[in-house]
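Chemist: Supplied structure: target11.txt, compact mmCIF, C-alpha atoms.
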```
# COMPACT_ATOMS: atom_id res chain seq x y z
CA ALA A 1 9.58 -5.70 -12.50
CA GLN A 2 5.87 -5.29 -12.36
CA SER A 3 4.31 -1.87 -12.65
CA VAL A 4 0.71 -0.83 -12.05
CA SER A 5 -1.21 1.86 -13.89
CA GLN A 6 -4.32 3.50 -12.53
CA HIS A 7 -6.05 5.49 -15.21
CA ASN A 8 -7.64 8.31 -13.26
CA HIS A 9 -6.01 10.26 -10.46
CA HIS A 10 -9.16 12.12 -9.41
CA VAL A 11 -12.77 11.02 -9.79
CA ILE A 12 -15.79 13.01 -8.63
CA LEU A 13 -19.20 11.34 -8.49
CA SER A 14 -22.59 12.09 -7.06
CA GLU A 15 -24.13 9.72 -4.54
CA ALA A 16 -25.81 6.70 -6.15
CA ALA A 17 -23.67 6.95 -9.28
CA SER A 18 -21.84 3.85 -10.46
CA LEU A 19 -18.09 3.59 -10.05
CA GLU A 20 -15.42 1.93 -12.14
CA LEU A 21 -11.73 2.52 -11.44
CA GLY A 22 -9.25 1.18 -13.95
CA CYS A 23 -6.11 -0.77 -13.11
CA ASN A 24 -3.60 -2.45 -15.42
CA TYR A 25 -0.47 -4.35 -14.51
CA SER A 26 2.50 -4.76 -16.78
CA TYR A 27 3.03 -8.46 -17.38
CA GLY A 28 1.27 -11.75 -16.99
CA GLY A 29 1.78 -15.18 -15.61
CA THR A 30 0.38 -16.03 -12.21
CA VAL A 31 -0.61 -12.82 -10.45
CA ASN A 32 -2.00 -11.88 -7.07
CA LEU A 33 -3.93 -8.62 -7.29
CA PHE A 34 -5.31 -6.32 -4.61
CA TRP A 35 -7.35 -3.21 -4.11
CA TYR A 36 -6.69 -1.20 -0.96
CA VAL A 37 -8.62 1.81 0.31
CA GLN A 38 -7.34 4.69 2.43
CA TYR A 39 -9.98 6.83 4.10
CA PRO A 40 -8.91 10.38 4.99
CA GLY A 41 -6.30 10.33 7.75
CA GLN A 42 -6.28 6.55 8.02
CA HIS A 43 -4.05 3.67 7.00
CA LEU A 44 -4.58 1.28 4.12
CA GLN A 45 -7.28 -1.35 4.41
CA LEU A 46 -7.78 -4.31 2.11
CA LEU A 47 -10.91 -4.06 -0.05
CA LEU A 48 -10.53 -7.27 -2.00
CA LYS A 49 -7.99 -9.57 -3.58
CA TYR A 50 -7.65 -12.02 -6.44
CA PHE A 51 -5.35 -15.01 -6.44
CA SER A 52 -7.11 -17.71 -8.51
CA GLY A 53 -10.49 -19.05 -9.53
CA ASP A 54 -13.50 -16.90 -10.28
CA PRO A 55 -12.26 -13.73 -11.99
CA LEU A 56 -15.08 -11.72 -10.45
CA VAL A 57 -14.08 -10.99 -6.89
CA LYS A 58 -16.38 -9.53 -4.26
CA GLY A 59 -15.02 -7.49 -1.41
CA ILE A 60 -16.21 -5.46 1.51
CA LYS A 61 -18.70 -2.58 1.41
CA GLY A 62 -20.27 -3.69 -1.89
CA PHE A 63 -17.12 -3.41 -3.99
CA GLU A 64 -16.17 -5.93 -6.63
CA ALA A 65 -13.36 -6.30 -9.15
CA GLU A 66 -12.97 -8.24 -12.36
CA PHE A 67 -9.71 -9.86 -13.38
CA ILE A 68 -9.31 -9.97 -17.17
CA LYS A 69 -6.11 -11.85 -17.93
CA SER A 70 -6.05 -10.99 -21.64
CA LYS A 71 -6.16 -7.28 -20.84
CA PHE A 72 -3.84 -7.40 -17.79
CA SER A 73 -6.61 -5.56 -15.97
CA PHE A 74 -8.23 -5.63 -12.54
CA ASN A 75 -10.88 -2.90 -12.51
CA LEU A 76 -12.76 -1.99 -9.35
CA ARG A 77 -16.53 -1.44 -9.48
CA LYS A 78 -19.39 -0.43 -7.23
CA PRO A 79 -22.96 -0.09 -8.54
CA SER A 80 -23.96 2.80 -6.29
CA VAL A 81 -21.47 4.92 -4.34
CA GLN A 82 -22.11 6.62 -1.03
CA TRP A 83 -20.60 9.75 0.48
CA SER A 84 -18.70 7.48 2.88
CA ASP A 85 -16.81 5.95 -0.07
CA THR A 86 -14.80 9.16 -0.37
CA ALA A 87 -11.23 7.91 -0.11
CA GLU A 88 -8.11 7.09 -2.08
CA TYR A 89 -8.03 3.71 -3.80
CA PHE A 90 -4.88 1.80 -4.65
CA CYS A 91 -4.44 -1.14 -6.97
CA ALA A 92 -1.48 -3.40 -6.21
CA VAL A 93 0.17 -6.56 -7.48
CA ILE A 94 2.49 -9.04 -5.81
CA GLU A 95 5.67 -9.54 -7.76
CA TYR A 96 8.60 -11.91 -7.41
CA GLY A 97 9.84 -12.11 -3.85
CA ASN A 98 6.41 -11.33 -2.40
CA LYS A 99 6.92 -7.61 -2.91
CA LEU A 100 3.76 -5.53 -3.17
CA VAL A 101 3.83 -2.97 -6.00
CA PHE A 102 1.30 -0.14 -5.97
CA GLY A 103 -0.28 2.07 -8.54
CA ALA A 104 -0.31 5.85 -8.03
CA GLY A 105 -3.80 5.79 -6.53
CA THR A 106 -7.18 7.27 -7.45
CA ILE A 107 -8.77 9.88 -5.22
CA LEU A 108 -12.54 9.46 -5.20
CA ARG A 109 -14.79 12.25 -3.98
CA VAL A 110 -18.47 11.52 -3.64
CA LYS A 111 -20.75 14.53 -3.50
CA SER A 112 -23.77 14.23 -1.24
CA ASN B 1 -3.81 -9.00 18.26
CA ALA B 2 -2.32 -5.56 17.79
CA GLY B 3 -1.32 -6.26 14.16
CA VAL B 4 1.34 -3.84 12.89
CA THR B 5 2.31 -1.07 15.29
CA GLN B 6 4.23 2.01 14.21
CA THR B 7 5.72 4.70 16.39
CA PRO B 8 5.77 7.64 16.47
CA LYS B 9 2.64 8.82 14.65
CA PHE B 10 4.04 12.27 13.97
CA GLN B 11 7.59 13.63 13.92
CA VAL B 12 9.27 16.88 12.95
CA LEU B 13 13.01 16.78 12.29
CA LYS B 14 15.56 19.38 11.38
CA THR B 15 17.68 18.83 8.30
CA GLY B 16 20.65 16.65 9.18
CA GLN B 17 19.10 15.01 12.23
CA SER B 18 18.80 11.26 12.46
CA MET B 19 15.97 9.17 13.81
CA THR B 20 14.46 5.71 13.82
CA LEU B 21 10.90 4.85 12.91
CA GLN B 22 9.75 1.82 14.81
CA CYS B 23 7.65 -1.03 13.45
CA ALA B 24 6.54 -4.16 15.26
CA GLN B 25 4.14 -6.95 14.33
CA ASP B 26 2.73 -9.71 16.49
CA MET B 27 1.46 -12.03 13.77
CA ASN B 28 4.69 -13.99 13.28
CA HIS B 29 4.91 -12.77 9.70
CA GLU B 30 8.13 -13.46 7.84
CA TYR B 31 7.87 -10.60 5.34
CA MET B 32 8.02 -6.94 6.35
CA SER B 33 8.26 -3.81 4.24
CA TRP B 34 8.63 -0.07 4.53
CA TYR B 35 6.85 2.27 2.12
CA ARG B 36 6.68 6.00 1.73
CA GLN B 37 3.53 7.68 0.45
CA ASP B 38 3.71 10.92 -1.48
CA PRO B 39 0.81 12.66 -3.26
CA GLY B 40 0.27 11.37 -6.78
CA MET B 41 2.95 8.71 -6.46
CA GLY B 42 1.21 5.96 -4.55
CA LEU B 43 3.28 3.93 -2.14
CA ARG B 44 6.89 3.28 -3.02
CA LEU B 45 8.91 0.49 -1.47
CA ILE B 46 11.94 1.63 0.53
CA HIS B 47 13.29 -1.60 2.02
CA TYR B 48 11.91 -5.03 2.71
CA SER B 49 12.79 -8.17 4.62
CA VAL B 50 12.00 -11.81 3.96
CA GLY B 51 12.92 -12.94 7.47
CA ALA B 52 15.10 -12.21 10.45
CA GLY B 53 18.59 -11.25 9.35
CA ILE B 54 17.64 -10.74 5.69
CA THR B 55 16.90 -7.35 4.16
CA ASP B 56 16.99 -5.88 0.67
CA GLN B 57 16.49 -2.58 -1.08
CA GLY B 58 13.29 -1.51 -2.70
CA GLU B 59 12.59 1.21 -5.22
CA VAL B 60 13.72 4.24 -3.15
CA PRO B 61 16.31 3.11 -0.57
CA ASN B 62 18.71 6.07 -0.57
CA GLY B 63 18.99 7.82 2.78
CA TYR B 64 17.42 4.95 4.73
CA ASN B 65 18.79 1.94 6.57
CA VAL B 66 17.02 -1.09 8.01
CA SER B 67 17.85 -4.14 10.07
CA ARG B 68 15.83 -7.18 11.08
CA SER B 69 17.27 -8.77 14.19
CA THR B 70 13.97 -10.40 15.21
CA THR B 71 10.87 -11.57 13.35
CA GLU B 72 8.76 -8.98 15.18
CA ASP B 73 10.70 -5.75 14.65
CA PHE B 74 11.75 -3.89 11.52
CA PRO B 75 13.03 -0.37 12.32
CA LEU B 76 13.72 2.21 9.62
CA ARG B 77 16.60 4.60 10.22
CA LEU B 78 17.03 8.00 8.61
CA LEU B 79 20.72 8.73 8.77
CA SER B 80 20.71 12.46 7.96
CA ALA B 81 17.22 13.78 7.32
CA ALA B 82 16.54 15.90 4.24
CA PRO B 83 13.41 17.87 3.27
CA SER B 84 12.87 15.37 0.41
CA GLN B 85 12.17 12.76 3.06
CA THR B 86 9.09 14.60 4.23
CA SER B 87 6.43 11.96 3.70
CA VAL B 88 4.08 9.49 5.33
CA TYR B 89 5.77 6.20 6.11
CA PHE B 90 3.96 2.89 6.32
CA CYS B 91 5.22 -0.40 7.61
CA ALA B 92 3.55 -3.62 6.46
CA SER B 93 3.86 -7.33 7.09
CA SER B 94 2.87 -10.51 5.27
CA PRO B 95 2.94 -14.22 6.09
CA GLY B 96 4.69 -14.82 2.79
CA GLN B 97 2.10 -16.47 0.60
CA GLY B 98 1.38 -13.99 -2.18
CA ALA B 99 -2.35 -14.27 -1.92
CA ALA B 100 -2.35 -13.34 1.76
CA GLY B 101 -1.34 -9.79 0.97
CA TYR B 102 0.03 -7.33 3.47
CA THR B 103 -1.30 -5.80 6.67
CA PHE B 104 -0.40 -2.15 7.16
CA GLY B 105 0.41 -0.07 10.19
CA SER B 106 -1.22 3.28 10.85
CA GLY B 107 1.69 5.29 9.48
CA THR B 108 4.18 7.92 10.62
CA ARG B 109 3.87 11.43 9.26
CA LEU B 110 7.38 12.88 9.06
CA THR B 111 8.21 16.49 8.33
CA VAL B 112 11.80 17.59 7.76
CA VAL B 113 12.39 21.33 8.03
```
Would you write the structure of this file as structure tokens?
Modeler:
Amino acid sequence: AQSVSQHNHHVILSEAASLELGCNYSYGGTVNLFWYVQYPGQHLQLLLKYFSGDPLVKGIKGFEAEFIKSKFSFNLRKPSVQWSDTAEYFCAVIEYGNKLVFGAGTILRVKS
Amino acid sequence: NAGVTQTPKFQVLKTGQSMTLQCAQDMNHEYMSWYRQDPGMGLRLIHYSVGAGITDQGEVPNGYNVSRSTTEDFPLRLLSAAPSQTSVYFCASSPGQGAAGYTFGSGTRLTVV
């Protein structure tokens, strides 16, 4: 079964700093990859997804992610974070049977 | 469209009580799943369904039952609540193509005392 590793559990940044959150999945082949965001007290919302084509995927709110097949990675980036980006971010992969497997999450706190 | 609707939003149970968490979707999605979210552990799959009448276990199924009598509804039953089941529970649905991903409900925060 697939597993997902997120490298940092807590990240603290100042406003306008650049963000990169790491995500690795366990094995290759055709993969569908996702980043979800959970703002405090809210449910999960889809930030972006990759299923084929251009490995650089752009999502909502200025986020992007790069799929690197050789590294089994799907890192999330944002050039300049805002206080409103404070949230928990989850990387996820679809595995056999259309089951969605999540990483442990990264809590991002942006200091204003 | 309402999307995925979960009820209740909050619940407190005593150890040993039973209850059902409700989940309904109005998008005609074939796939539905139940997850629990615990700090530092992400979301873990409890049970899932690939269509009406078909369910299967996920990563952490013990202490939970599900059924899928209709496409729309996918209730999660706690048979005899334990403090270890204190968690936030999310229901999600998908049309079935991997790239479509899942849409999540707003969650149920359950406390077992």
Chemist: Find, counting all atoms listed in the file, the residue in A:His7, A:Lys61, A:Lys99, A:Lys71 that gets nearest to chain B.
Modeler: A:Lys99
Chemist: Find the residues near stretch 83-93 of chain A: any atom within 8 Å, counting all atoms listed in the file, skip ones fewer than 5 places away on the same chain, and give them as a VMD selection string.
Modeler: (chain A and resid 2 4 6 15 23 25 31 to 40 100 to 112) or (chain B and resid 42)
Chemist: When you get a sec, could you note down which chain B residues fall within 12 Å of chain A, using all atoms listed in the file, as a PDB file with C-alpha atoms, in the frame of the given file?
Modeler:
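And here's selection.pdb as it stands now:
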```
ATOM      1  CA  VAL B   4       1.340  -3.840  12.890  1.00  0.00           C
ATOM      2  CA  THR B   5       2.310  -1.070  15.290  1.00  0.00           C
ATOM      3  CA  GLN B   6       4.230   2.010  14.210  1.00  0.00           C
ATOM      4  CA  LYS B   9       2.640   8.820  14.650  1.00  0.00           C
ATOM      5  CA  GLU B  30       8.130 -13.460   7.840  1.00  0.00           C
ATOM      6  CA  TYR B  31       7.870 -10.600   5.340  1.00  0.00           C
ATOM      7  CA  MET B  32       8.020  -6.940   6.350  1.00  0.00           C
ATOM      8  CA  SER B  33       8.260  -3.810   4.240  1.00  0.00           C
ATOM      9  CA  TRP B  34       8.630  -0.070   4.530  1.00  0.00           C
ATOM     10  CA  TYR B  35       6.850   2.270   2.120  1.00  0.00           C
ATOM     11  CA  ARG B  36       6.680   6.000   1.730  1.00  0.00           C
ATOM     12  CA  GLN B  37       3.530   7.680   0.450  1.00  0.00           C
ATOM     13  CA  ASP B  38       3.710  10.920  -1.480  1.00  0.00           C
ATOM     14  CA  PRO B  39       0.810  12.660  -3.260  1.00  0.00           C
ATOM     15  CA  GLY B  40       0.270  11.370  -6.780  1.00  0.00           C
ATOM     16  CA  MET B  41       2.950   8.710  -6.460  1.00  0.00           C
ATOM     17  CA  GLY B  42       1.210   5.960  -4.550  1.00  0.00           C
ATOM     18  CA  LEU B  43       3.280   3.930  -2.140  1.00  0.00           C
ATOM     19  CA  ARG B  44       6.890   3.280  -3.020  1.00  0.00           C
ATOM     20  CA  LEU B  45       8.910   0.490  -1.470  1.00  0.00           C
ATOM     21  CA  ILE B  46      11.940   1.630   0.530  1.00  0.00           C
ATOM     22  CA  HIS B  47      13.290  -1.600   2.020  1.00  0.00           C
ATOM     23  CA  TYR B  48      11.910  -5.030   2.710  1.00  0.00           C
ATOM     24  CA  SER B  49      12.790  -8.170   4.620  1.00  0.00           C
ATOM     25  CA  VAL B  50      12.000 -11.810   3.960  1.00  0.00           C
ATOM     26  CA  GLY B  51      12.920 -12.940   7.470  1.00  0.00           C
ATOM     27  CA  THR B  55      16.900  -7.350   4.160  1.00  0.00           C
ATOM     28  CA  ASP B  56      16.990  -5.880   0.670  1.00  0.00           C
ATOM     29  CA  GLN B  57      16.490  -2.580  -1.080  1.00  0.00           C
ATOM     30  CA  GLY B  58      13.290  -1.510  -2.700  1.00  0.00           C
ATOM     31  CA  GLU B  59      12.590   1.210  -5.220  1.00  0.00           C
ATOM     32  CA  VAL B  88       4.080   9.490   5.330  1.00  0.00           C
ATOM     33  CA  TYR B  89       5.770   6.200   6.110  1.00  0.00           C
ATOM     34  CA  PHE B  90       3.960   2.890   6.320  1.00  0.00           C
ATOM     35  CA  CYS B  91       5.220  -0.400   7.610  1.00  0.00           C
ATOM     36  CA  ALA B  92       3.550  -3.620   6.460  1.00  0.00           C
ATOM     37  CA  SER B  93       3.860  -7.330   7.090  1.00  0.00           C
ATOM     38  CA  SER B  94       2.870 -10.510   5.270  1.00  0.00           C
ATOM     39  CA  PRO B  95       2.940 -14.220   6.090  1.00  0.00           C
ATOM     40  CA  GLY B  96       4.690 -14.820   2.790  1.00  0.00           C
ATOM     41  CA  GLN B  97       2.100 -16.470   0.600  1.00  0.00           C
ATOM     42  CA  GLY B  98       1.380 -13.990  -2.180  1.00  0.00           C
ATOM     43  CA  ALA B  99      -2.350 -14.270  -1.920  1.00  0.00           C
ATOM     44  CA  ALA B 100      -2.350 -13.340   1.760  1.00  0.00           C
ATOM     45  CA  GLY B 101      -1.340  -9.790   0.970  1.00  0.00           C
ATOM     46  CA  TYR B 102       0.030  -7.330   3.470  1.00  0.00           C
ATOM     47  CA  THR B 103      -1.300  -5.800   6.670  1.00  0.00           C
ATOM     48  CA  PHE B 104      -0.400  -2.150   7.160  1.00  0.00           C
ATOM     49  CA  GLY B 105       0.410  -0.070  10.190  1.00  0.00           C
ATOM     50  CA  SER B 106      -1.220   3.280  10.850  1.00  0.00           C
ATOM     51  CA  GLY B 107       1.690   5.290   9.480  1.00  0.00           C
ATOM     52  CA  THR B 108       4.180   7.920  10.620  1.00  0.00           C
ATOM     53  CA  ARG B 109       3.870  11.430   9.260  1.00  0.00           C
TER      54      ARG B 109
END
```
Chemist: Would you mind reading off the distance between atom CA of A:Leu76 and atom CA of A:Asp54, one decimal, in Å?
Modeler: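 Atom CA of A:Leu76 sits 15.0 Å away from atom CA of A:Asp54.
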Chemist: What does the distance from atom CA of A:Ser5 to atom CA of B:Thr86 come to in Å, to one decimal?
Modeler: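 According to the coordinates, atom CA of A:Ser5 and atom CA of B:Thr86 are separated by 24.4 Å.
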Chemist: What gap, in Å, lies between atom CA of A:Leu47 and atom CA of A:Phe63?
Modeler: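 Computing the Euclidean distance for atom CA of A:Leu47 and atom CA of A:Phe63 yields 7.4 Å.
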Chemist: Place a sphere of radius 7 Å on (10.1, -0.8, 15.8) in the file coordinates and name every protein, DNA or RNA residue with an atom inside or on its surface, counting all atoms listed in the file; give the answer as a PyMOL selection string.
Modeler: chain B and resi 6+21-24+73-75
Chemist: Which residues come within 6 Å of B:Leu110, counting all atoms listed in the file, excluding same-chain residues fewer than 6 positions away, as a list in words?
Modeler: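 The residues that qualify are Phe10, Gln11, Val12, Thr86 and Ser87 of chain B.
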Chemist: Between B:Ile54, B:Pro83, B:Asp26, B:Ser67, which residue has the minimum interatomic distance to B:Lys14, considering only C-alpha atoms?
Modeler: B:Pro83
Chemist: Check the smallest atom-to-atom distance from each of A:Ser26, A:Lys78, A:Leu21, A:Ser3 to A:Gly59 using all atoms listed in the file, then report the winner.
Modeler: A:Lys78
Chemist: If we count only C-alpha atoms and set the cut-off at 6 Å, which residues sit around A:Phe67, ignoring sequence neighbours fewer than 6 positions away in its own chain? Please answer as a list in words.
Modeler: Pro55, Ser73 and Phe74 of chain A
